[in-house]
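S.K.: What follows is coords04.txt, compact mmCIF, C-alpha atoms.
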```
# COMPACT_ATOMS: atom_id res chain seq x y z
CA MET A 506 65.81 -27.37 -57.70
CA ASP A 507 62.60 -29.05 -58.76
CA GLU A 508 60.85 -27.89 -55.57
CA THR A 509 62.06 -24.33 -56.13
CA ALA A 510 60.76 -24.39 -59.70
CA ALA A 511 57.40 -25.78 -58.57
CA ALA A 512 57.10 -23.09 -55.91
CA ALA A 513 58.00 -20.40 -58.40
CA SER A 514 55.37 -21.71 -60.82
CA LEU A 515 52.72 -21.22 -58.17
CA PHE A 516 53.19 -17.48 -58.24
CA ASP A 517 53.86 -16.81 -61.92
CA THR A 518 52.05 -14.21 -63.99
CA ASP A 519 49.06 -16.47 -64.70
CA PHE A 520 48.53 -16.98 -60.97
CA TRP A 521 48.28 -13.27 -60.24
CA ILE A 522 46.10 -12.61 -63.27
CA THR A 523 43.67 -15.39 -62.28
CA THR A 524 43.62 -14.22 -58.67
CA GLY A 525 42.93 -10.66 -59.79
CA ILE A 526 40.08 -11.83 -62.04
CA ILE A 527 38.57 -13.82 -59.15
CA PHE A 528 38.54 -10.76 -56.87
CA VAL A 529 37.06 -8.58 -59.64
CA LEU A 530 34.32 -11.17 -60.10
CA LEU A 531 33.70 -11.20 -56.33
CA GLY A 532 33.41 -7.42 -56.43
CA LEU A 533 30.83 -7.66 -59.24
CA SER A 534 28.97 -10.32 -57.25
CA GLY A 535 28.84 -7.98 -54.27
CA MET A 536 27.60 -5.21 -56.55
CA PHE A 537 24.77 -7.42 -57.84
CA SER A 538 23.80 -8.61 -54.35
CA GLY A 539 23.80 -5.14 -52.84
CA SER A 540 21.92 -3.68 -55.80
CA GLU A 541 19.19 -6.29 -55.52
CA THR A 542 18.66 -5.52 -51.84
CA ALA A 543 18.85 -1.74 -52.30
CA LEU A 544 16.44 -1.60 -55.23
CA THR A 545 13.86 -3.87 -53.58
CA ALA A 546 14.14 -2.21 -50.14
CA SER A 547 14.18 1.42 -51.32
CA SER A 548 11.19 3.60 -50.50
CA ARG A 549 9.03 3.83 -53.61
CA ALA A 550 7.26 6.88 -52.21
CA ARG A 551 10.53 8.75 -51.58
CA ILE A 552 11.98 7.74 -54.96
CA HIS A 553 8.75 8.81 -56.68
CA HIS A 554 8.92 12.19 -54.92
CA MET A 555 12.55 12.70 -55.97
CA ALA A 556 11.73 11.69 -59.54
CA GLY A 557 8.92 14.24 -59.55
CA ASP A 558 11.46 16.90 -58.54
CA GLY A 559 13.54 16.06 -61.64
CA ASN A 560 16.19 13.76 -60.15
CA LYS A 561 17.46 11.70 -63.12
CA ARG A 562 18.83 8.88 -60.99
CA ALA A 563 15.50 8.59 -59.15
CA LYS A 564 13.69 8.39 -62.50
CA ARG A 565 16.03 5.58 -63.51
CA VAL A 566 15.31 3.72 -60.25
CA SER A 567 11.57 4.13 -60.82
CA ARG A 568 11.83 2.64 -64.30
CA LEU A 569 13.79 -0.32 -62.93
CA THR A 570 11.37 -1.06 -60.08
CA ASP A 571 8.31 -0.72 -62.34
CA ASP A 572 9.18 -4.13 -63.80
CA PRO A 573 10.52 -6.11 -60.80
CA GLU A 574 10.47 -9.46 -62.62
CA ARG A 575 12.81 -8.22 -65.35
CA LEU A 576 14.99 -6.41 -62.78
CA ILE A 577 15.42 -9.44 -60.50
CA GLY A 578 15.96 -11.72 -63.50
CA ALA A 579 18.80 -9.58 -64.86
CA ILE A 580 20.47 -9.21 -61.45
CA LEU A 581 20.27 -12.94 -60.69
CA LEU A 582 21.60 -13.80 -64.14
CA GLY A 583 24.60 -11.50 -63.69
CA ASN A 584 25.19 -12.63 -60.12
CA ASN A 585 25.16 -16.32 -61.00
CA LEU A 586 27.43 -15.80 -63.99
CA VAL A 587 30.16 -14.07 -61.97
CA ASN A 588 29.85 -16.47 -59.00
CA ILE A 589 30.10 -19.58 -61.17
CA LEU A 590 32.98 -18.14 -63.18
CA ALA A 591 34.84 -17.12 -60.01
CA SER A 592 34.36 -20.59 -58.51
CA ALA A 593 35.56 -22.31 -61.70
CA LEU A 594 38.70 -20.16 -61.84
CA ALA A 595 39.39 -20.75 -58.13
CA THR A 596 39.01 -24.51 -58.59
CA SER A 597 41.44 -24.49 -61.52
CA LEU A 598 43.90 -22.36 -59.58
CA PHE A 599 43.90 -24.60 -56.48
CA MET A 600 44.12 -27.79 -58.55
CA ASN A 601 47.25 -26.44 -60.25
CA MET A 602 48.68 -25.74 -56.81
CA VAL A 603 47.82 -28.87 -54.78
CA GLY A 604 46.31 -31.31 -57.24
CA GLU A 605 42.89 -32.94 -56.87
CA GLN A 606 42.54 -31.75 -53.28
CA GLY A 607 42.27 -28.24 -54.75
CA VAL A 608 38.54 -28.87 -55.32
CA VAL A 609 37.98 -29.05 -51.54
CA TYR A 610 40.15 -26.02 -50.84
CA ALA A 611 38.48 -24.01 -53.58
CA THR A 612 35.01 -24.88 -52.25
CA LEU A 613 35.90 -23.82 -48.69
CA VAL A 614 37.70 -20.62 -49.67
CA MET A 615 35.12 -19.48 -52.24
CA THR A 616 32.22 -20.22 -49.90
CA ALA A 617 33.78 -18.00 -47.23
CA LEU A 618 34.65 -15.22 -49.69
CA VAL A 619 31.26 -15.22 -51.44
CA LEU A 620 29.33 -15.39 -48.17
CA ILE A 621 31.21 -12.56 -46.46
CA PHE A 622 32.24 -10.18 -49.24
CA ALA A 623 29.69 -10.91 -51.97
CA GLU A 624 26.55 -11.48 -49.91
CA VAL A 625 26.47 -10.42 -46.24
CA LEU A 626 28.66 -7.31 -46.46
CA PRO A 627 27.01 -5.61 -49.49
CA LYS A 628 23.49 -6.58 -48.41
CA SER A 629 24.08 -5.27 -44.89
CA TYR A 630 25.21 -1.94 -46.31
CA ALA A 631 22.26 -1.88 -48.74
CA ILE A 632 19.74 -2.53 -45.94
CA ALA A 633 21.22 0.36 -43.94
CA ASN A 634 21.27 2.74 -46.92
CA PRO A 635 18.71 1.46 -49.47
CA ASP A 636 17.70 4.73 -51.12
CA ASN A 637 21.22 6.13 -51.37
CA MET A 638 22.68 2.91 -52.78
CA ALA A 639 19.76 2.44 -55.20
CA LEU A 640 20.48 5.86 -56.69
CA LYS A 641 24.21 5.11 -56.99
CA VAL A 642 23.87 1.71 -58.71
CA SER A 643 20.93 2.64 -60.96
CA TRP A 644 23.13 3.37 -64.00
CA PHE A 645 25.05 0.08 -63.68
CA ILE A 646 21.90 -2.03 -63.19
CA SER A 647 20.16 -0.23 -66.07
CA LEU A 648 23.05 -1.25 -68.31
CA ILE A 649 22.88 -4.87 -67.08
CA VAL A 650 19.10 -5.02 -67.59
CA ALA A 651 19.43 -3.72 -71.14
CA LEU A 652 22.35 -6.09 -71.89
CA PHE A 653 20.63 -9.20 -70.56
CA ALA A 654 17.13 -8.29 -71.78
CA PRO A 655 16.89 -11.05 -74.48
CA VAL A 656 18.14 -13.77 -72.13
CA VAL A 657 15.92 -12.59 -69.26
CA ALA A 658 12.88 -12.57 -71.59
CA LEU A 659 13.63 -16.18 -72.56
CA VAL A 660 14.04 -17.16 -68.91
CA GLN A 661 10.72 -15.50 -68.03
CA LYS A 662 8.93 -17.50 -70.73
CA ILE A 663 10.47 -20.74 -69.51
CA VAL A 664 9.49 -19.94 -65.89
CA ARG A 665 5.90 -19.03 -66.80
CA LEU A 666 5.53 -22.13 -68.98
CA THR A 667 6.89 -24.36 -66.22
CA LEU A 668 4.55 -22.84 -63.62
CA ARG A 669 1.60 -23.16 -66.00
CA ILE A 670 2.30 -26.91 -66.25
CA PHE A 671 1.67 -27.07 -62.48
CA GLY A 672 -1.51 -24.99 -62.82
CA ILE A 673 -0.03 -21.67 -61.66
CA ASP A 674 -0.51 -18.57 -63.80
CA ILE A 675 1.43 -15.51 -62.56
CA SER A 676 0.77 -13.31 -65.59
CA ASN A 677 -2.31 -11.67 -64.04
CA MET A 678 -1.36 -11.87 -60.39
CA GLU A 679 -1.60 -8.61 -58.47
CA SER A 680 -0.21 -7.58 -55.14
CA VAL A 681 -2.03 -9.14 -52.22
CA LEU A 682 -1.85 -5.84 -50.33
CA SER A 683 -3.69 -2.81 -51.66
CA ALA A 684 -2.18 0.66 -51.45
CA HIS A 685 -4.53 1.27 -48.50
CA ASP A 686 -3.13 -1.74 -46.63
CA GLU A 687 0.46 -0.85 -47.48
CA ILE A 688 0.02 2.65 -46.05
CA ARG A 689 -1.60 1.25 -42.91
CA GLY A 690 1.22 -1.26 -42.53
CA THR A 691 3.80 1.51 -42.89
CA ILE A 692 2.06 3.60 -40.22
CA ASN A 693 1.92 0.68 -37.79
CA LEU A 694 5.55 -0.21 -38.46
CA HIS A 695 6.80 3.35 -37.86
CA HIS A 696 4.72 3.56 -34.68
CA LYS A 697 6.17 0.26 -33.43
CA GLU A 698 9.71 1.41 -34.20
CA GLY A 699 9.18 4.76 -32.49
CA GLY A 700 9.03 6.88 -35.64
CA LEU A 701 5.45 7.99 -34.89
CA VAL A 702 3.97 8.99 -31.56
CA LYS A 703 0.74 7.35 -30.48
CA GLU A 704 -1.49 10.35 -31.33
CA ASP A 705 -0.06 10.75 -34.84
CA SER A 706 -0.43 7.03 -35.50
CA HIS A 707 -4.08 7.10 -34.44
CA MET A 708 -4.77 10.20 -36.53
CA LEU A 709 -3.29 8.76 -39.73
CA GLY A 710 -5.01 5.44 -39.11
CA SER A 711 -8.35 7.19 -38.56
CA ILE A 712 -8.07 8.90 -41.94
CA LEU A 713 -7.71 5.49 -43.56
CA ASP A 714 -10.72 4.23 -41.56
CA LEU A 715 -13.14 6.86 -42.90
CA ASN A 716 -14.37 4.42 -45.53
CA ASP A 717 -14.93 1.67 -42.95
CA VAL A 718 -16.61 3.64 -40.15
CA THR A 719 -20.28 4.63 -40.47
CA VAL A 720 -22.06 7.63 -38.97
CA GLU A 721 -23.76 5.22 -36.55
CA ASP A 722 -20.38 4.62 -34.90
CA VAL A 723 -19.68 8.26 -34.02
CA MET A 724 -23.10 9.95 -33.80
CA VAL A 725 -24.63 11.36 -30.62
CA HIS A 726 -27.28 8.79 -29.68
CA ARG A 727 -30.86 9.99 -29.43
CA SER A 728 -30.84 9.25 -25.69
CA ALA A 729 -28.16 11.93 -25.26
CA MET A 730 -29.62 14.46 -27.73
CA GLU A 731 -30.72 17.91 -26.61
CA ALA A 732 -33.88 18.97 -28.45
CA LEU A 733 -36.46 21.75 -28.22
CA ASP A 734 -40.24 21.43 -28.28
CA ILE A 735 -41.73 24.01 -30.63
CA ASN A 736 -44.77 24.22 -28.35
CA MET A 737 -42.63 25.63 -25.55
CA GLY A 738 -42.89 29.35 -24.96
CA THR A 739 -40.42 31.57 -26.79
CA ASP A 740 -38.81 32.63 -23.51
CA GLU A 741 -38.34 28.98 -22.54
CA ILE A 742 -36.76 28.21 -25.89
CA ILE A 743 -34.41 31.18 -25.56
CA GLN A 744 -33.46 30.09 -22.04
CA ALA A 745 -32.82 26.52 -23.26
CA VAL A 746 -30.61 27.75 -26.11
CA VAL A 747 -28.63 30.01 -23.77
CA SER A 748 -28.17 27.19 -21.24
CA SER A 749 -27.08 24.65 -23.85
CA THR A 750 -23.44 24.07 -24.74
CA TYR A 751 -24.43 23.54 -28.39
CA THR A 752 -25.07 26.15 -31.07
CA ARG A 753 -27.46 23.97 -33.12
CA LEU A 754 -30.44 22.23 -31.56
CA PRO A 755 -33.09 20.06 -33.25
CA VAL A 756 -36.70 21.22 -32.85
CA TYR A 757 -39.59 18.76 -32.64
CA GLU A 758 -43.36 19.12 -32.48
CA GLY A 759 -45.30 16.91 -30.10
CA ASP A 760 -43.26 13.71 -30.47
CA PRO A 761 -39.44 13.85 -30.13
CA GLU A 762 -39.31 11.63 -33.22
CA ASN A 763 -41.05 14.35 -35.23
CA ILE A 764 -38.10 16.66 -35.92
CA ILE A 765 -39.34 19.69 -37.89
CA GLY A 766 -36.26 21.91 -37.92
CA VAL A 767 -32.88 22.90 -36.52
CA LEU A 768 -32.41 26.11 -34.55
CA HIS A 769 -29.07 27.93 -34.67
CA ALA A 770 -28.16 30.14 -31.71
CA LYS A 771 -26.85 32.87 -34.02
CA ASP A 772 -30.10 32.94 -35.99
CA LEU A 773 -32.00 33.30 -32.72
CA LEU A 774 -29.68 36.12 -31.63
CA ARG A 775 -30.19 37.98 -34.92
CA ALA A 776 -33.96 37.58 -34.65
CA LEU A 777 -33.92 38.98 -31.12
CA ARG A 778 -31.92 41.97 -32.29
CA ARG A 779 -34.35 42.65 -35.13
CA ALA A 780 -37.25 42.36 -32.65
CA GLY A 781 -35.67 44.87 -30.31
CA ALA A 782 -35.04 42.17 -27.67
CA MET A 783 -38.79 41.51 -27.46
CA SER A 784 -39.05 37.73 -27.38
CA LYS A 785 -42.77 37.70 -28.13
CA ARG A 786 -42.08 39.10 -31.59
CA VAL A 787 -39.70 36.23 -32.47
CA ASN A 788 -41.17 33.45 -34.63
CA ILE A 789 -39.11 30.30 -34.01
CA LYS A 790 -40.57 28.48 -37.03
CA ARG A 791 -39.42 31.24 -39.36
CA ILE A 792 -35.79 31.28 -38.20
CA MET A 793 -35.14 27.55 -37.87
CA VAL A 794 -33.76 25.69 -40.91
CA LYS A 795 -35.03 22.53 -42.55
CA PRO A 796 -33.58 19.35 -41.00
CA TRP A 797 -31.28 17.14 -43.03
CA PHE A 798 -31.65 13.39 -42.56
CA VAL A 799 -28.93 10.86 -43.45
CA PRO A 800 -29.00 7.04 -43.22
CA GLU A 801 -27.06 5.40 -40.40
CA THR A 802 -25.12 3.24 -42.88
CA THR A 803 -23.42 6.25 -44.53
CA THR A 804 -19.63 6.09 -44.21
CA LEU A 805 -17.73 8.94 -42.61
CA ARG A 806 -15.95 9.71 -45.89
CA GLU A 807 -19.27 10.01 -47.74
CA GLN A 808 -20.75 12.16 -44.99
CA LEU A 809 -17.66 14.38 -44.78
CA ASN A 810 -17.88 15.00 -48.52
CA ALA A 811 -21.61 15.68 -48.18
CA PHE A 812 -20.97 18.21 -45.38
CA LEU A 813 -18.39 19.99 -47.53
CA GLU A 814 -20.63 19.96 -50.62
CA ARG A 815 -23.70 21.32 -48.77
CA LYS A 816 -21.59 23.63 -46.58
CA ALA A 817 -23.44 22.16 -43.60
CA HIS A 818 -22.31 21.11 -40.13
CA PHE A 819 -25.30 19.22 -38.75
CA ALA A 820 -27.35 16.17 -39.79
CA LEU A 821 -29.88 13.87 -38.17
CA VAL A 822 -29.27 10.12 -38.45
CA VAL A 823 -32.16 7.77 -39.22
CA ASP A 824 -32.44 4.00 -39.59
CA GLU A 825 -33.98 2.06 -42.47
CA TYR A 826 -37.47 2.75 -41.11
CA GLY A 827 -36.90 6.49 -40.88
CA ALA A 828 -36.74 6.52 -37.07
CA ILE A 829 -34.38 9.02 -35.47
CA GLN A 830 -31.23 7.32 -34.14
CA GLY A 831 -29.13 10.35 -33.26
CA LEU A 832 -27.37 13.35 -34.70
CA LEU A 833 -24.01 13.96 -36.32
CA THR A 834 -21.93 17.11 -36.70
CA LEU A 835 -18.87 17.95 -38.73
CA GLU A 836 -16.98 18.21 -35.44
CA ASP A 837 -17.82 14.56 -34.65
CA ILE A 838 -16.09 13.46 -37.86
CA LEU A 839 -13.08 15.70 -37.24
CA GLU A 840 -12.79 14.36 -33.69
CA GLU A 841 -12.76 10.83 -35.09
CA ILE A 842 -9.58 11.85 -36.95
CA VAL A 843 -7.72 14.16 -34.58
CA GLY A 844 -9.24 13.22 -31.21
CA ASP A 845 -11.45 15.25 -28.88
CA ILE A 846 -11.73 18.95 -29.75
CA ALA A 847 -12.54 21.07 -26.71
CA ASP A 848 -13.36 24.78 -26.63
CA GLU A 849 -14.13 27.28 -23.87
CA HIS A 850 -17.78 26.20 -23.77
CA ASP A 851 -17.15 22.48 -23.47
CA PHE A 852 -17.31 20.82 -20.09
CA GLU A 853 -15.79 17.65 -18.75
CA VAL A 854 -18.12 14.67 -18.56
CA PRO A 855 -16.81 11.87 -16.28
CA GLY A 856 -16.68 8.86 -18.56
CA VAL A 857 -13.41 6.99 -18.16
CA LYS A 858 -11.12 6.80 -15.15
CA GLN A 859 -8.01 4.69 -14.74
CA LEU A 860 -7.78 3.27 -11.22
CA SER A 861 -4.57 2.68 -9.29
CA ASP A 862 -5.09 -1.09 -9.13
CA GLY A 863 -4.95 -1.45 -12.92
CA TRP A 864 -8.70 -1.43 -13.50
CA VAL A 865 -10.43 1.10 -15.73
CA ARG A 866 -13.83 2.45 -14.72
CA ALA A 867 -16.10 3.55 -17.57
CA GLU A 868 -19.67 4.59 -18.16
CA GLY A 869 -21.67 2.15 -20.23
CA THR A 870 -22.14 4.71 -23.01
CA VAL A 871 -18.39 5.15 -23.63
CA PRO A 872 -17.61 4.14 -27.25
CA ILE A 873 -15.32 1.15 -27.70
CA ARG A 874 -13.28 3.09 -30.26
CA ASP A 875 -12.47 5.74 -27.64
CA LEU A 876 -11.25 3.10 -25.19
CA ASN A 877 -9.12 1.44 -27.87
CA ARG A 878 -7.61 4.77 -28.81
CA MET A 879 -7.01 5.85 -25.21
CA PHE A 880 -5.36 2.64 -23.97
CA ASP A 881 -4.10 1.03 -27.21
CA TRP A 882 -6.56 -1.83 -26.76
CA ARG A 883 -8.01 -4.07 -29.45
CA LEU A 884 -11.57 -4.56 -28.28
CA PRO A 885 -13.81 -5.47 -31.24
CA ASP A 886 -16.41 -2.89 -32.30
CA ASP A 887 -18.11 -4.86 -35.07
CA GLU A 888 -21.15 -5.96 -33.07
CA ALA A 889 -21.48 -3.07 -30.61
CA ILE A 890 -20.59 0.61 -30.45
CA THR A 891 -20.45 1.13 -26.67
CA VAL A 892 -18.64 -0.89 -24.02
CA ALA A 893 -22.00 -1.76 -22.39
CA GLY A 894 -23.26 -3.01 -25.74
CA LEU A 895 -20.19 -5.23 -26.08
CA VAL A 896 -20.75 -6.81 -22.66
CA ILE A 897 -24.45 -7.41 -23.38
CA HIS A 898 -23.62 -8.90 -26.79
CA GLU A 899 -21.05 -11.29 -25.36
CA ALA A 900 -23.09 -12.19 -22.26
CA GLU A 901 -26.26 -12.63 -24.35
CA THR A 902 -28.19 -11.15 -21.43
CA ILE A 903 -28.45 -7.91 -19.47
CA PRO A 904 -26.17 -8.68 -16.51
CA ILE A 905 -26.81 -7.64 -12.93
CA VAL A 906 -24.47 -5.51 -10.81
CA GLY A 907 -21.43 -7.46 -9.63
CA LYS A 908 -21.48 -9.94 -12.51
CA LYS A 909 -18.02 -10.61 -14.02
CA PHE A 910 -17.08 -11.77 -17.50
CA GLU A 911 -13.90 -12.64 -19.35
CA PHE A 912 -13.64 -12.35 -23.14
CA HIS A 913 -11.31 -10.94 -25.80
CA GLY A 914 -8.46 -11.00 -23.26
CA PHE A 915 -10.23 -8.67 -20.79
CA GLU A 916 -12.09 -9.00 -17.52
CA PHE A 917 -15.30 -6.99 -17.12
CA GLU A 918 -17.35 -6.27 -14.01
CA VAL A 919 -20.77 -4.60 -14.04
CA THR A 920 -20.80 -1.79 -11.43
CA ALA A 921 -24.07 -0.01 -12.21
CA ARG A 922 -27.36 -0.77 -13.91
CA LYS A 923 -30.48 1.33 -14.42
CA ARG A 924 -33.53 -0.70 -15.41
CA ASN A 925 -32.48 -2.51 -18.60
CA GLN A 926 -29.38 -0.42 -19.22
CA VAL A 927 -25.83 -1.17 -18.05
CA THR A 928 -24.57 2.23 -16.94
CA GLY A 929 -21.23 1.44 -15.31
CA LEU A 930 -18.39 -1.03 -15.82
CA LYS A 931 -14.92 -1.86 -14.60
CA MET A 932 -12.46 -3.60 -16.91
CA ARG A 933 -8.85 -4.61 -17.09
CA LYS A 934 -6.60 -6.36 -19.58
CA LEU A 935 -5.70 -9.88 -18.53
CA PRO A 936 -2.05 -11.06 -18.57
CA ALA A 937 -1.05 -12.75 -21.81
```
Reformat the file's structure so that it appears as structure tokens.
M.R.:
Amino acid sequence: MDETAAAASLFDTDFWITTGIIFVLLGLSGMFSGSETALTASSRARIHHMAGDGNKRAKRVSRLTDDPERLIGAILLGNNLVNILASALATSLFMNMVGEQGVVYATLVMTALVLIFAEVLPKSYAIANPDNMALKVSWFISLIVALFAPVVALVQKIVRLTLRIFGIDISNMESVLSAHDEIRGTINLHHKEGGLVKEDSHMLGSILDLNDVTVEDVMVHRSAMEALDINMGTDEIIQAVVSSTYTRLPVYEGDPENIIGVLHAKDLLRALRRAGAMSKRVNIKRIMVKPWFVPETTTLREQLNAFLERKAHFALVVDEYGAIQGLLTLEDILEEIVGDIADEHDFEVPGVKQLSDGWVRAEGTVPIRDLNRMFDWRLPDDEAITVAGLVIHEAETIPIVGKKFEFHGFEFEVTARKRNQVTGLKMRKLPA
């Protein structure tokens, strides 16, 4: 009879009430854990967009995430309160059932329950659906933050004071990553996970690079420039303009460094029409426009803005001494963003060829940035613009044909040289 009474006492009203309270507390713990993960993992950009469209829940999420220290403090306070209370009740319950050994049973059971149902399960769901869950729990967490605000403020002061004792001041600390770096990281992550194709990833990354890339990196070098001598006959100039693939050509007088103007094919065509197709009546100096010179250190963003402001498409690049280094067009900047732009007048120039044995053959004038973009390489372009320049910089000499080098995880072989210029190379990426 005593055993029957003891067994009955185990499952009296108090037992079921306590058990129910423990499971309610575990549910609240899961709510706190999932909310913390959802609110910290939600996309701030998407939430901001939804808030801008008038979504009230999104506005509430934005207000919560604007002060992450207060948000995390309130959630942790609530989570610890319910976990400690649930553990205390479970310990009392098991001790009433089996005596002092109830402490061990309560520890094992509550650890399993908290780990599975109050931590792993809600956080797994929150990671899979961060934005959706953040919107759903925003009202509950807003209430908790407001309710615990005085206690959280006190905790924050204690934490800051304690850290200050150890010489750490977090009051003025800012995010290590700038918005620029966060966007770049997001682009790289989506590309790695397959959310962005290679071309889109390069295009978005190139937009971010406009402040870091100078006109020197993308200009047409003076050795590859097409220019007209003003002392040529008018018929020769007309023939040169017709034969050229470009619509704008620099004009020099005597010395190619002495650029005196830029001739536009359309202006020449209009002048010929006005002259009744009589070339002798065309004055080249009167129809060419004044040249525009820009320093080689100008960034692409600055130059793009300058092109748009002046409504111009063509500029000549000079160094600090005023010497001509090359020319730059608006198309060069756009190609840096979207890749090569070809039209019906462009022609293919053999520059890069991938060989069947894994090697890549390239002309020495091929830009490093183009190779990196084409093959997803990471060759440095800080010290040199072209692949030949990189080899010369690393070798610290002008190598002869057949010479091989290994650096930056690649093997290079010089295949062609003309006087002091490396004109051809083979390269391949070495195994990791």
S.K.: What box, with edges along x, y and z, holds each listed atom of range 641-647 of chain A when 5 Å is added on every side, and can you state its centre and edge lengths in Å to one decimal, as JSON?
M.R.:
```
{"center_x": 22.6, "center_y": 1.5, "center_z": -61.5, "size_x": 14.9, "size_y": 17.1, "size_z": 19.1}
```
S.K.: Can you tell me, as a compact mmCIF listing (two decimals) with C-alpha atoms, keeping the file's coordinate frame, what residues are no more than 9 Å from Gln661 in chain A when counting all atoms listed in the file, ignoring any on the same chain fewer than 3 positions away?
M.R.:
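Output contents, as saved in out_1.txt:
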```txt
# COMPACT_ATOMS: atom_id res chain seq x y z
CA GLU A 574 10.47 -9.46 -62.62
CA ARG A 575 12.81 -8.22 -65.35
CA GLY A 578 15.96 -11.72 -63.50
CA VAL A 656 18.14 -13.77 -72.13
CA VAL A 657 15.92 -12.59 -69.26
CA ALA A 658 12.88 -12.57 -71.59
CA VAL A 664 9.49 -19.94 -65.89
CA ARG A 665 5.90 -19.03 -66.80
CA LEU A 666 5.53 -22.13 -68.98
```
S.K.: Find the spatial neighbours of range 801-814 of chain A, counting all atoms listed in the file, within a cut-off of 6 Å - ignore same-chain residues fewer than 3 positions away - and output them as a PyMOL selection string.
M.R.: chain A and resi 715-716+718-721+817+822-824
S.K.: So that I can check the surroundings of Thr891 in chain A, please list as a tab-separated table (two decimals) with C-alpha atoms, in the frame of the given file every protein, DNA and RNA residue that reaches within 7 Å of it, counting only C-alpha atoms and ignoring chain neighbours fewer than 5 positions away.
M.R.:
```tsv
chain	number	residue	atom	x	y	z
A	869	GLY	CA	-21.67	2.15	-20.23
A	870	THR	CA	-22.14	4.71	-23.01
A	871	VAL	CA	-18.39	5.15	-23.63
A	872	PRO	CA	-17.61	4.14	-27.25
A	873	ILE	CA	-15.32	1.15	-27.70
```
S.K.: If you measure from CA of Leu569 in chain A to CA of Ile527 in chain A, what distance in Å do you get, rounded to one decimal?
M.R.: 28.5 Å
S.K.: Write out as JSON, numbers by chain each polymer residue whose atoms come within 9 Å of range 916-930 of chain A, counting all atoms listed in the file; drop sequence neighbours fewer than 6 positions from it.
M.R.: {"A": [865, 866, 867, 868, 869, 870, 892, 893, 894, 896, 897, 903, 904, 905, 906, 907, 908, 909, 910]}
S.K.: Next, write the just-selected residues to a file, as a PDB file, in the frame of the given file, keeping C-alpha atoms as the atom set.
M.R.:
```
ATOM      1  CA  VAL A 865     -10.430   1.100 -15.730  1.00  0.00           C
ATOM      2  CA  ARG A 866     -13.830   2.450 -14.720  1.00  0.00           C
ATOM      3  CA  ALA A 867     -16.100   3.550 -17.570  1.00  0.00           C
ATOM      4  CA  GLU A 868     -19.670   4.590 -18.160  1.00  0.00           C
ATOM      5  CA  GLY A 869     -21.670   2.150 -20.230  1.00  0.00           C
ATOM      6  CA  THR A 870     -22.140   4.710 -23.010  1.00  0.00           C
ATOM      7  CA  VAL A 892     -18.640  -0.890 -24.020  1.00  0.00           C
ATOM      8  CA  ALA A 893     -22.000  -1.760 -22.390  1.00  0.00           C
ATOM      9  CA  GLY A 894     -23.260  -3.010 -25.740  1.00  0.00           C
ATOM     10  CA  VAL A 896     -20.750  -6.810 -22.660  1.00  0.00           C
ATOM     11  CA  ILE A 897     -24.450  -7.410 -23.380  1.00  0.00           C
ATOM     12  CA  ILE A 903     -28.450  -7.910 -19.470  1.00  0.00           C
ATOM     13  CA  PRO A 904     -26.170  -8.680 -16.510  1.00  0.00           C
ATOM     14  CA  ILE A 905     -26.810  -7.640 -12.930  1.00  0.00           C
ATOM     15  CA  VAL A 906     -24.470  -5.510 -10.810  1.00  0.00           C
ATOM     16  CA  GLY A 907     -21.430  -7.460  -9.630  1.00  0.00           C
ATOM     17  CA  LYS A 908     -21.480  -9.940 -12.510  1.00  0.00           C
ATOM     18  CA  LYS A 909     -18.020 -10.610 -14.020  1.00  0.00           C
ATOM     19  CA  PHE A 910     -17.080 -11.770 -17.500  1.00  0.00           C
TER      20      PHE A 910
END
```
S.K.: With all atoms listed in the file as the basis for distance, which of A:Ile526, A:Val746, A:Ala651, A:Val619 is at the shortest distance from Leu773 in chain A?
M.R.: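 Closest to Leu773 in chain A of all the choices is A:Val746.
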S.K.: Rank A:Ala770, A:Leu935, A:Ile577, A:Ile765 by their smallest atom-to-atom distance to Ala654 in chain A, using all atoms listed in the file, and report the top residue only.
M.R.: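 So, comparing all the options, the nearest one is A:Ile577.
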S.K.: Using Å and a single decimal, report how far CA of Pro885 in chain A sits from CA of His913 in chain A.
M.R.: 8.1 Å
S.K.: In Å to one decimal, how far is CA of Ser534 in chain A from CA of Ala631 in chain A?
M.R.: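 Interatomic distance, CA of Ala631 in chain A to CA of Ser534 in chain A: 13.7 Å.
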S.K.: Could you check the closest approach to Ala595 in chain A for each of A:Glu741, A:Thr524, A:Met879, A:Asp517 and tell me which residue wins, using only C-alpha atoms?
M.R.: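 Closest candidate: A:Thr524.
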S.K.: Please check which residues have atoms at most 12 Å from (31.5, -21.1, -53.2) in the file's coordinates, counting all atoms listed in the file, and write them as JSON, numbers by chain.
M.R.: {"A": [527, 531, 534, 585, 587, 588, 589, 590, 591, 592, 593, 594, 595, 596, 608, 609, 610, 611, 612, 613, 614, 615, 616, 617, 618, 619, 620, 621, 622, 623, 624]}
S.K.: Which residues come within 9 Å of Lys771 in chain A, counting all atoms listed in the file, excluding same-chain residues fewer than 5 positions away, as a list in words?
M.R.: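 Close residues of Lys771 in chain A: Thr752, Arg753 and Ala776 of chain A.
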S.K.: Could you list as an NGL selection string every residue that has an atom within 12 Å of (24.6, -9.2, -59.8), using the file's coordinates and counting all atoms listed in the file?
M.R.: :A and (530-542 or 576-589 or 623-624 or 627-628 or 642 or 645-650 or 653)
